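Okay, run.tsv is below, TSV, C-alpha atoms:
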chain	number	residue	atom	x	y	z
F	1462	MET	CA	30.47	-304.48	-29.51
F	1463	PRO	CA	29.63	-300.73	-29.30
F	1464	GLU	CA	31.42	-298.43	-31.71
F	1465	SER	CA	33.09	-296.40	-29.00
F	1466	TRP	CA	34.72	-299.56	-27.68
F	1467	LEU	CA	36.06	-300.36	-31.10
F	1468	GLY	CA	37.37	-296.80	-31.37
F	1469	GLU	CA	39.15	-297.06	-28.06
F	1470	GLU	CA	40.64	-300.38	-29.03
F	1471	LYS	CA	42.11	-298.84	-32.15
F	1472	GLN	CA	43.83	-296.10	-30.11
F	1473	SER	CA	47.38	-296.80	-29.04
F	1474	PRO	CA	48.12	-296.79	-25.28
F	1475	TYR	CA	50.15	-293.64	-25.87
F	1476	ASP	CA	47.18	-291.80	-27.38
F	1477	ARG	CA	44.90	-293.07	-24.67
F	1478	MET	CA	47.30	-291.80	-22.00
F	1479	LEU	CA	47.39	-288.33	-23.54
F	1480	GLN	CA	43.63	-288.28	-24.01
F	1481	GLU	CA	43.11	-289.33	-20.40
F	1482	CYS	CA	45.56	-286.68	-19.24
F	1483	LEU	CA	43.72	-283.97	-21.18
F	1484	ARG	CA	40.33	-285.15	-19.95
F	1485	GLY	CA	41.62	-285.43	-16.37
F	1486	GLU	CA	43.23	-282.01	-16.36
F	1487	LEU	CA	40.12	-280.31	-17.77
F	1488	LYS	CA	37.98	-282.10	-15.21
F	1489	VAL	CA	40.30	-281.16	-12.34
F	1490	VAL	CA	40.76	-277.49	-13.24
F	1491	ASN	CA	37.06	-276.85	-13.69
F	1492	ALA	CA	35.92	-279.00	-10.75
F	1493	GLY	CA	35.49	-275.88	-8.63
F	1494	LEU	CA	33.01	-274.24	-10.99
F	1495	PRO	CA	29.66	-273.59	-9.33
F	1496	ARG	CA	26.58	-275.36	-10.68
F	1497	ASN	CA	24.73	-272.09	-10.23
F	1498	GLN	CA	25.69	-268.70	-8.85
F	1499	LYS	CA	23.78	-267.12	-5.97
F	1500	PRO	CA	23.00	-263.44	-5.37
F	1501	LEU	CA	24.83	-261.69	-2.55
F	1502	THR	CA	21.63	-260.89	-0.66
F	1503	GLY	CA	20.65	-264.56	-0.57
F	1504	LEU	CA	24.08	-265.61	0.66
F	1505	LEU	CA	24.05	-263.03	3.44
F	1506	ASP	CA	20.84	-264.58	4.78
F	1507	GLU	CA	22.23	-268.13	4.81
F	1508	GLU	CA	23.74	-269.53	8.00
F	1509	TYR	CA	26.48	-271.32	6.06
F	1510	PRO	CA	26.80	-269.41	2.77
F	1511	GLN	CA	27.88	-271.87	0.11
F	1512	VAL	CA	27.33	-273.05	-3.46
F	1513	VAL	CA	27.52	-276.55	-4.92
F	1514	CYS	CA	30.38	-277.10	-7.37
F	1515	SER	CA	30.27	-279.11	-10.58
F	1516	ASP	CA	31.96	-282.07	-8.86
F	1517	GLY	CA	29.30	-282.10	-6.14
F	1518	SER	CA	31.44	-280.56	-3.41
F	1519	ALA	CA	30.42	-277.43	-1.53
F	1520	HIS	CA	32.26	-274.13	-1.91
F	1521	LEU	CA	32.07	-272.11	1.30
F	1522	PHE	CA	32.02	-268.31	1.33
F	1523	LYS	CA	33.59	-266.35	4.14
F	1524	ARG	CA	31.08	-264.12	5.87
F	1525	LYS	CA	33.70	-261.38	6.21
F	1526	GLU	CA	34.09	-261.20	2.44
F	1527	LEU	CA	30.35	-261.13	1.90
F	1528	GLU	CA	30.00	-258.33	4.39
F	1529	TYR	CA	32.83	-256.45	2.70
F	1530	LEU	CA	31.05	-256.77	-0.67
F	1531	ALA	CA	27.79	-255.66	0.92
F	1532	SER	CA	29.54	-252.57	2.27
F	1533	ILE	CA	30.66	-251.61	-1.25
F	1534	LEU	CA	27.33	-252.14	-3.04
F	1535	ASP	CA	23.84	-250.73	-2.58
F	1536	SER	CA	20.84	-253.02	-2.07
F	1537	ASN	CA	19.92	-253.29	-5.79
F	1538	GLU	CA	23.49	-254.10	-6.74
F	1539	GLN	CA	23.67	-256.66	-3.94
F	1540	LYS	CA	20.68	-258.45	-5.47
F	1541	ALA	CA	22.29	-258.36	-8.92
F	1542	LEU	CA	25.77	-259.49	-7.90
F	1543	LEU	CA	26.09	-263.22	-8.50
F	1544	LEU	CA	28.67	-265.13	-6.52
F	1545	PRO	CA	31.23	-266.56	-6.93
F	1546	MET	CA	32.52	-264.06	-9.46
F	1547	LEU	CA	34.18	-265.91	-12.33
F	1548	ILE	CA	37.71	-265.14	-13.48
F	1549	GLU	CA	38.34	-266.50	-16.94
F	1550	LEU	CA	41.80	-267.64	-17.98
F	1551	THR	CA	42.13	-267.51	-21.70
F	1552	GLY	CA	45.52	-269.00	-22.40
F	1553	ASN	CA	47.30	-265.66	-22.32
F	1554	GLU	CA	49.58	-266.07	-19.30
F	1555	ALA	CA	49.79	-262.35	-18.57
F	1556	GLN	CA	46.07	-261.66	-18.55
F	1557	ALA	CA	42.78	-262.84	-17.11
F	1558	ALA	CA	39.22	-261.54	-17.36
F	1559	VAL	CA	36.44	-261.12	-14.83
F	1560	ILE	CA	33.14	-262.19	-16.36
F	1561	CYS	CA	30.52	-259.49	-15.71
F	1562	ALA	CA	26.76	-259.81	-15.80
F	1563	GLY	CA	26.29	-256.12	-14.97
F	1564	GLU	CA	28.00	-253.05	-13.62
F	1565	GLN	CA	28.20	-254.28	-10.03
F	1566	GLU	CA	31.21	-256.54	-10.76
F	1567	GLY	CA	33.01	-253.56	-12.28
F	1568	LYS	CA	32.27	-251.47	-9.20
F	1569	VAL	CA	33.70	-254.17	-6.92
F	1570	VAL	CA	36.82	-254.69	-9.01
F	1571	SER	CA	37.33	-250.96	-9.40
F	1572	LYS	CA	37.01	-250.42	-5.63
F	1573	ILE	CA	39.46	-253.19	-4.79
F	1574	LEU	CA	42.04	-252.18	-7.38
F	1575	ASP	CA	41.44	-248.52	-6.62
F	1576	MET	CA	41.37	-247.62	-10.30
F	1577	PRO	CA	38.77	-247.38	-13.06
F	1578	VAL	CA	38.20	-250.54	-15.10
F	1579	ILE	CA	37.03	-251.02	-18.67
F	1580	TYR	CA	34.27	-253.43	-19.73
F	1581	GLU	CA	34.68	-255.15	-23.03
F	1582	LYS	CA	32.13	-257.68	-24.24
F	1583	GLY	CA	30.99	-258.46	-20.70
F	1584	ARG	CA	34.53	-258.87	-19.42
F	1585	ILE	CA	37.01	-256.82	-17.42
F	1586	THR	CA	40.57	-257.56	-18.43
F	1587	LEU	CA	43.05	-257.80	-15.59
F	1588	TYR	CA	46.81	-258.21	-15.52
F	1589	LYS	CA	48.50	-260.68	-13.20
F	1590	PRO	CA	49.44	-258.26	-10.39
F	1591	GLN	CA	45.87	-256.91	-10.39
F	1592	LEU	CA	44.55	-260.46	-10.32
F	1593	ALA	CA	46.73	-261.24	-7.29
F	1594	LEU	CA	45.34	-258.17	-5.53
F	1595	LEU	CA	41.76	-259.13	-6.33
F	1596	ARG	CA	42.30	-262.70	-5.14
F	1597	LYS	CA	43.92	-261.46	-1.96
F	1598	LYS	CA	40.77	-259.53	-1.03
F	1599	LEU	CA	38.19	-261.95	-2.45
F	1600	LYS	CA	39.50	-265.44	-1.82
F	1601	THR	CA	36.26	-267.33	-1.57
F	1602	THR	CA	33.99	-265.06	-3.60
F	1603	THR	CA	35.97	-265.44	-6.82
F	1604	GLN	CA	36.61	-268.59	-8.82
F	1605	TYR	CA	38.86	-269.45	-11.77
F	1606	VAL	CA	37.41	-270.71	-15.03
F	1607	PHE	CA	39.70	-272.35	-17.53
F	1608	SER	CA	38.16	-271.27	-20.79
F	1609	PRO	CA	37.68	-273.77	-23.60
F	1610	LYS	CA	39.60	-271.28	-25.77
F	1611	ILE	CA	42.78	-272.55	-24.10
F	1612	VAL	CA	42.38	-276.01	-25.51
F	1613	GLN	CA	41.37	-275.00	-29.01
R	412	MET	CA	70.05	-283.42	-25.93
R	413	PRO	CA	69.29	-285.91	-28.72
R	414	GLN	CA	65.64	-286.82	-28.71
R	415	GLN	CA	64.60	-290.43	-28.59
R	416	LEU	CA	62.56	-291.46	-31.59
R	417	ILE	CA	59.31	-293.28	-31.08
R	418	LYS	CA	59.29	-296.72	-32.69
R	419	VAL	CA	56.68	-296.53	-35.44
R	420	ARG	CA	56.24	-298.01	-38.87
R	421	PRO	CA	57.35	-295.43	-41.48
R	422	THR	CA	53.95	-295.02	-43.13
R	423	LYS	CA	51.88	-291.94	-43.96
R	424	ILE	CA	49.11	-293.11	-41.62
R	425	GLU	CA	51.56	-293.23	-38.73
R	426	LEU	CA	52.71	-289.71	-39.62
R	427	VAL	CA	49.12	-288.43	-39.49
R	428	LYS	CA	48.63	-290.20	-36.15
R	429	LEU	CA	51.81	-288.67	-34.77
R	430	LYS	CA	50.74	-285.18	-35.83
R	431	ARG	CA	47.40	-285.68	-34.12
R	432	ARG	CA	49.18	-286.91	-31.02
R	433	LEU	CA	51.45	-283.85	-31.06
R	434	SER	CA	48.53	-281.41	-31.22
R	435	LEU	CA	46.88	-283.26	-28.32
R	436	ALA	CA	50.07	-283.10	-26.27
R	437	GLN	CA	50.37	-279.37	-26.96
R	438	ARG	CA	46.79	-278.80	-25.79
R	439	VAL	CA	47.49	-280.68	-22.56
R	440	GLN	CA	50.66	-278.65	-22.10
R	441	LYS	CA	48.76	-275.37	-22.52
R	442	ILE	CA	46.25	-276.22	-19.81
R	443	VAL	CA	48.87	-277.57	-17.43
R	444	LYS	CA	51.09	-274.52	-17.89
R	445	ASP	CA	48.21	-272.14	-17.24
R	446	ARG	CA	47.26	-274.07	-14.15
R	447	LEU	CA	50.85	-274.07	-12.94
R	448	SER	CA	51.11	-270.29	-13.29
R	449	ILE	CA	47.89	-269.79	-11.31
R	450	LEU	CA	48.97	-272.24	-8.61
R	451	THR	CA	52.36	-270.54	-8.31
R	452	MET	CA	50.72	-267.13	-8.00
R	453	GLU	CA	48.40	-268.43	-5.28
R	454	PHE	CA	51.28	-270.20	-3.52
R	455	LEU	CA	53.37	-267.02	-3.37
R	456	GLN	CA	50.38	-265.09	-2.12
R	457	ALA	CA	49.71	-267.73	0.55
R	458	ALA	CA	53.38	-267.73	1.58
R	459	ARG	CA	53.37	-263.96	2.05
R	460	GLU	CA	50.14	-264.10	4.02
R	461	THR	CA	51.42	-266.97	6.18
R	462	VAL	CA	54.48	-264.96	7.17
R	463	GLU	CA	52.27	-261.99	8.05
R	464	ALA	CA	49.80	-264.16	9.96
R	465	LYS	CA	52.61	-265.82	11.94
R	466	LYS	CA	54.06	-262.47	12.89
R	467	LYS	CA	50.61	-261.22	13.88
R	468	LEU	CA	49.95	-264.32	15.98
R	469	VAL	CA	53.26	-264.05	17.84
R	470	ASP	CA	52.58	-260.36	18.57
R	471	GLU	CA	49.05	-260.99	19.74
R	472	LEU	CA	50.00	-263.97	21.91
R	473	SER	CA	52.81	-262.05	23.57
R	474	GLN	CA	50.43	-259.15	24.26
R	475	ALA	CA	47.80	-261.55	25.62
R	476	TYR	CA	50.30	-263.27	27.96
R	477	LYS	CA	51.57	-259.90	29.11
R	478	ALA	CA	48.04	-258.72	29.90
R	479	LEU	CA	47.26	-261.99	31.66
R	480	SER	CA	50.35	-261.77	33.84
R	481	ILE	CA	49.43	-258.19	34.79
R	482	ALA	CA	45.88	-259.34	35.66
R	483	THR	CA	47.31	-262.23	37.69
R	484	GLY	CA	49.58	-259.85	39.56
R	485	TYR	CA	46.68	-257.50	40.27
R	486	HIS	CA	44.14	-260.10	41.42
R	487	GLY	CA	46.35	-262.85	42.72
R	488	TYR	CA	46.60	-266.31	41.18
R	489	ILE	CA	43.99	-268.05	43.36
R	490	ALA	CA	41.36	-265.31	43.01
R	491	LEU	CA	41.84	-265.21	39.25
R	492	GLU	CA	41.56	-268.97	38.92
R	493	LYS	CA	38.34	-268.88	40.92
R	494	GLU	CA	36.91	-266.26	38.57
R	495	LEU	CA	38.00	-267.98	35.41
R	496	ILE	CA	36.66	-271.40	36.35
R	497	ALA	CA	33.26	-270.62	34.81
R	498	THR	CA	34.51	-268.95	31.66
R	499	GLU	CA	35.21	-272.05	29.57
R	500	THR	CA	33.30	-272.05	26.29
R	501	ASP	CA	33.37	-274.09	23.12
R	502	VAL	CA	35.01	-272.46	20.15
R	503	LYS	CA	32.78	-272.58	17.08
R	504	VAL	CA	34.59	-272.75	13.78
R	505	THR	CA	32.88	-273.02	10.41
R	506	ALA	CA	34.94	-275.37	8.27
R	507	GLY	CA	34.53	-275.86	4.56
R	508	LEU	CA	36.48	-276.15	1.34
R	509	ARG	CA	37.35	-273.81	-1.47
R	510	ASN	CA	38.73	-274.79	-4.81
R	511	ILE	CA	41.73	-273.12	-6.42
R	512	ALA	CA	42.34	-274.44	-9.93
R	513	GLY	CA	41.48	-277.97	-8.85
R	514	VAL	CA	43.12	-277.91	-5.42
R	515	ARG	CA	40.71	-278.21	-2.52
R	516	ILE	CA	41.85	-275.97	0.28
R	517	PRO	CA	40.30	-275.89	3.74
R	518	CYS	CA	38.53	-272.73	4.75
R	519	PHE	CA	37.98	-271.89	8.42
R	520	GLU	CA	36.05	-269.08	9.97
R	521	LEU	CA	35.71	-268.42	13.67
R	522	ARG	CA	32.10	-267.87	14.65
R	523	GLU	CA	30.99	-265.68	17.47
R	524	ASN	CA	29.58	-267.72	20.32
R	525	GLY	CA	26.77	-265.24	20.82
R	526	ARG	CA	27.62	-264.55	24.45
R	527	SER	CA	27.79	-260.92	25.38
R	528	MET	CA	29.38	-261.71	28.77
R	529	ARG	CA	32.63	-263.61	29.20
R	530	GLY	CA	31.46	-265.57	32.24
R	531	TYR	CA	33.36	-263.93	35.08
R	532	SER	CA	32.02	-261.44	37.56
R	533	LEU	CA	32.53	-257.86	36.47
R	534	VAL	CA	32.22	-256.67	40.04
R	535	ASP	CA	35.06	-258.77	41.41
R	536	THR	CA	37.46	-258.31	38.50
R	537	SER	CA	39.27	-255.39	36.96
R	538	SER	CA	39.69	-254.05	33.45
R	539	TRP	CA	43.10	-255.80	33.32
R	540	LEU	CA	41.28	-259.11	33.05
R	541	ASP	CA	38.94	-257.71	30.39
R	542	ARG	CA	41.97	-256.65	28.38
R	543	ALA	CA	43.60	-260.10	28.75
R	544	ALA	CA	40.37	-261.81	27.65
R	545	GLN	CA	39.98	-259.47	24.69
R	546	LEU	CA	43.54	-260.11	23.51
R	547	SER	CA	43.15	-263.87	23.93
R	548	GLU	CA	40.02	-263.83	21.77
R	549	LYS	CA	41.89	-261.86	19.15
R	550	SER	CA	44.78	-264.34	19.13
R	551	LEU	CA	42.28	-267.19	18.71
R	552	GLU	CA	41.18	-265.60	15.45
R	553	ALA	CA	44.82	-265.36	14.34
R	554	ILE	CA	45.36	-269.07	15.18
R	555	VAL	CA	42.41	-270.12	13.01
R	556	GLU	CA	43.60	-267.87	10.17
R	557	LEU	CA	47.11	-269.28	10.35
R	558	ALA	CA	45.83	-272.88	10.38
R	559	GLU	CA	43.94	-272.25	7.15
R	560	LEU	CA	46.85	-270.53	5.46
R	561	GLN	CA	49.43	-273.11	6.49
R	562	ARG	CA	47.38	-276.09	5.28
R	563	GLY	CA	46.61	-274.26	2.05
R	564	LEU	CA	50.30	-273.60	1.53
R	565	GLU	CA	51.14	-277.29	1.98
R	566	LEU	CA	48.44	-278.45	-0.41
R	567	LEU	CA	49.37	-275.88	-3.03
R	568	GLY	CA	53.03	-276.86	-2.76
R	569	MET	CA	52.25	-280.54	-3.31
R	570	GLU	CA	50.04	-279.75	-6.30
R	571	ILE	CA	52.68	-277.47	-7.82
R	572	ASN	CA	55.22	-280.30	-7.58
R	573	ARG	CA	52.87	-282.72	-9.30
R	574	THR	CA	51.93	-280.25	-12.03
R	575	LYS	CA	55.56	-279.31	-12.61
R	576	ARG	CA	56.44	-282.97	-13.20
R	577	ILE	CA	53.71	-283.23	-15.84
R	578	THR	CA	54.80	-279.96	-17.49
R	579	ASN	CA	58.43	-281.04	-17.58
R	580	ALA	CA	57.56	-284.46	-18.99
R	581	LEU	CA	55.51	-282.84	-21.73
R	582	GLU	CA	57.99	-280.05	-22.44
R	583	TYR	CA	61.24	-282.00	-22.40
R	584	ILE	CA	60.30	-285.58	-23.32
R	585	ILE	CA	56.92	-286.17	-24.92
R	586	ILE	CA	56.62	-283.18	-27.26
R	587	PRO	CA	60.30	-283.12	-28.43
R	588	SER	CA	60.27	-286.87	-29.11
R	589	LEU	CA	57.03	-286.53	-31.10
R	590	GLN	CA	58.48	-283.63	-33.07
R	591	ALA	CA	61.71	-285.53	-33.70
R	592	THR	CA	59.81	-288.58	-34.93
R	593	ILE	CA	57.60	-286.44	-37.18
R	594	ASN	CA	60.71	-284.76	-38.64
R	595	TYR	CA	62.39	-288.13	-39.12
R	596	LEU	CA	59.37	-289.58	-40.92
R	597	THR	CA	58.94	-286.46	-43.08
R	598	MET	CA	62.59	-286.61	-44.12
R	599	LYS	CA	62.28	-290.32	-44.82
R	600	PHE	CA	59.26	-289.74	-47.08
R	601	GLU	CA	61.04	-286.93	-48.90
R	602	GLU	CA	64.03	-289.19	-49.38
R	603	ARG	CA	61.75	-291.89	-50.71
R	604	ASP	CA	60.18	-289.42	-53.15
R	605	ARG	CA	63.58	-288.34	-54.38
R	606	GLU	CA	64.65	-291.97	-54.86
R	607	GLU	CA	61.44	-292.67	-56.74
R	608	LYS	CA	62.00	-289.68	-59.01
R	609	THR	CA	65.57	-290.71	-59.77
R	610	ARG	CA	64.44	-294.27	-60.47
R	611	LEU	CA	61.76	-293.07	-62.88
R	612	LYS	CA	64.27	-290.83	-64.67
R	613	ARG	CA	66.66	-293.76	-64.98
R	614	VAL	CA	63.89	-296.00	-66.33
R	615	LYS	CA	62.95	-293.28	-68.82
R	616	VAL	CA	66.57	-293.06	-70.05
R	617	LEU	CA	66.78	-296.86	-70.36
R	618	LEU	CA	63.52	-296.95	-72.29
R	619	ALA	CA	64.71	-294.16	-74.57
R	620	ARG	CA	67.92	-296.06	-75.28
R	621	ALA	CA	66.00	-299.26	-76.07
Take the structure from the file and write it as structure tokens.
Amino acid sequence: MPESWLGEEKQSPYDRMLQECLRGELKVVNAGLPRNQKPLTGLLDEEYPQVVCSDGSAHLFKRKELEYLASILDSNEQKALLLPMLIELTGNEAQAAVICAGEQEGKVVSKILDMPVIYEKGRITLYKPQLALLRKKLKTTTQYVFSPKIVQ
Amino acid sequence: MPQQLIKVRPTKIELVKLKRRLSLAQRVQKIVKDRLSILTMEFLQAARETVEAKKKLVDELSQAYKALSIATGYHGYIALEKELIATETDVKVTAGLRNIAGVRIPCFELRENGRSMRGYSLVDTSSWLDRAAQLSEKSLEAIVELAELQRGLELLGMEINRTKRITNALEYIIIPSLQATINYLTMKFEERDREEKTRLKRVKVLLARA
């Protein structure tokens, strides 16, 4: 019998239930994560702009949002902006962080919030009301990431 | 509320297992709570937007009907019907899904049909009809937007209910009962230690007397 089977047999049903719950919740919350991000310019050229998620489903982008982002950024920034933009939740209920690969994310966030933003270690920290505002404008072009830090 | 103790053998191994179980339950609770707060935020946002979209739709539909009735009055019912007979077109909607913290929400977008003309003769009709057509197209967009928002609201509501049940079970039953059992076992072991110490002291006294 494989070792893992023996291990599972030793676990009580109670432990197994909790383990399953944890595994299930992590799987569910991060099911919408994209397998790979696409640049804005590429998405604008697609007939149905979408990315494939980690669970195999497709995440559709609204053309209106893409056009709005294109109106904010210049052509070089459009090439550099990878979508969907990831919003990391780190266990602190009052805060979230936008993961930035470059300055273009900061420009977008700053334009939407109508205030300057601060980068810190590749992240822009946002408070809940700001997050709500960002999500209101960019519904399909942003995505939540439940950071592994939460479960540590 | 007194917490129900979990039936376990009072051994140190069981205590270690219980502590491990407690940390696991707390990790699950953290994730679920975070998810619940995000879902609630999105739900409130969707509710606000649904109210706005409904209001917008009612306004636009009433304007469209008003414009259509003016156009009907201007052209006459039969003449208008004759003009509009060739204007039927298929509505193209792009439908997909988006994922909010594990909830798959439908996403609709009305696509332009690519026709520059609406299908009726511009010579035989007036600008009243153009206005009615324009307003009807606008209200179609509002209908699609409202459909997306309303379905999203329903799905988010159902998921919030489910997540809340899990959070409550963890917060009020599972974690307190684990903590109570751990406390009970710890106290039992301490009591055992004290008994053992007293017994040893007693044995020492007896040996000293002998």
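Distance-wise, atom CA of Ala1558 of chain F and atom CA of Tyr1529 of chain F end up 21.7 Å apart.
Checking F:Thr1586, F:Gln1498, F:Gln1565, F:Gln1556 one by one against chain R, counting only C-alpha atoms, you find the shortest gap at F:Gln1556.
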Contact set, chain R to chain F: 9 Å, all atoms listed in the file, as a ChimeraX atom specification: /R:432,435-446,448-449,452-453,456-457,505-515,518-520
Interatomic distance (Å, one decimal) between atom CA of Leu1504 of chain F and atom CA of Glu1564 of chain F: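 Computed distance, atom CA of Leu1504 of chain F to atom CA of Glu1564 of chain F, equals 19.4 Å.
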Contacts of Ile417 of chain R at 9 Å (all atoms listed in the file; same-chain gap of 4+ positions) as an mmCIF file with C-alpha atoms, in the frame of the given file:
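So the final result, stored in around-v8.cif, reads:
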data_model
loop_
_atom_site.group_PDB
_atom_site.id
_atom_site.type_symbol
_atom_site.label_atom_id
_atom_site.label_comp_id
_atom_site.auth_asym_id
_atom_site.auth_seq_id
_atom_site.Cartn_x
_atom_site.Cartn_y
_atom_site.Cartn_z
ATOM 1 C CA SER R 588 60.270 -286.870 -29.110
ATOM 2 C CA LEU R 589 57.030 -286.530 -31.100
ATOM 3 C CA ALA R 591 61.710 -285.530 -33.700
ATOM 4 C CA THR R 592 59.810 -288.580 -34.930
#
Selection as a ChimeraX atom specification: residues within 12 Å of (53.3, -267.2, 4.1), counting all atoms listed in the file: /R:453-467,556-565,567-568
Next, write the just-selected residues to a file, as a JSON list (two decimals), keeping the file's coordinate frame, keeping C-alpha atoms as the atom set.
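Contents of the output file result_18.json:
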[["chain", "number", "residue", "atom", "x", "y", "z"],
["R", 453, "GLU", "CA", 48.40, -268.43, -5.28],
["R", 454, "PHE", "CA", 51.28, -270.20, -3.52],
["R", 455, "LEU", "CA", 53.37, -267.02, -3.37],
["R", 456, "GLN", "CA", 50.38, -265.09, -2.12],
["R", 457, "ALA", "CA", 49.71, -267.73, 0.55],
["R", 458, "ALA", "CA", 53.38, -267.73, 1.58],
["R", 459, "ARG", "CA", 53.37, -263.96, 2.05],
["R", 460, "GLU", "CA", 50.14, -264.10, 4.02],
["R", 461, "THR", "CA", 51.42, -266.97, 6.18],
["R", 462, "VAL", "CA", 54.48, -264.96, 7.17],
["R", 463, "GLU", "CA", 52.27, -261.99, 8.05],
["R", 464, "ALA", "CA", 49.80, -264.16, 9.96],
["R", 465, "LYS", "CA", 52.61, -265.82, 11.94],
["R", 466, "LYS", "CA", 54.06, -262.47, 12.89],
["R", 467, "LYS", "CA", 50.61, -261.22, 13.88],
["R", 556, "GLU", "CA", 43.60, -267.87, 10.17],
["R", 557, "LEU", "CA", 47.11, -269.28, 10.35],
["R", 558, "ALA", "CA", 45.83, -272.88, 10.38],
["R", 559, "GLU", "CA", 43.94, -272.25, 7.15],
["R", 560, "LEU", "CA", 46.85, -270.53, 5.46],
["R", 561, "GLN", "CA", 49.43, -273.11, 6.49],
["R", 562, "ARG", "CA", 47.38, -276.09, 5.28],
["R", 563, "GLY", "CA", 46.61, -274.26, 2.05],
["R", 564, "LEU", "CA", 50.30, -273.60, 1.53],
["R", 565, "GLU", "CA", 51.14, -277.29, 1.98],
["R", 567, "LEU", "CA", 49.37, -275.88, -3.03],
["R", 568, "GLY", "CA", 53.03, -276.86, -2.76]]
Exercise: Val1570 of chain F partners within 10 Å, all atoms listed in the file, chain neighbours under 2 positions left out, as a VMD selection string: chain F and resid 1559 1565 to 1568 1572 to 1578 1585 1587 1591 to 1592 1594 to 1595 1599
Atom CA of Gly1517 of chain F to atom CA of Glu1538 of chain F, straight-line distance in Å: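 Value for the atom CA of Glu1538 of chain F-atom CA of Gly1517 of chain F distance: 28.6 Å.
Comparing the minimum interatomic distances between Ser1515 of chain F and each of F:Ala1562, F:Arg1496, F:Ser1532, F:Ser1571, counting all atoms listed in the file, we find that F:Arg1496 sits nearest.
Counting only C-alpha atoms, Ile1560 of chain F has the following residues at most 7 Å away, ignoring those fewer than 4 positions along the same chain: Leu1547, Ile1548, Glu1549, Gly1583, Arg1584 and Ile1585 of chain F.
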Test item: residues at most 10 Å from Asn1537 of chain F, only C-alpha atoms, excluding those fewer than 4 positions along its chain, as a PyMOL selection string: chain F and resi 1502+1541-1542+1565
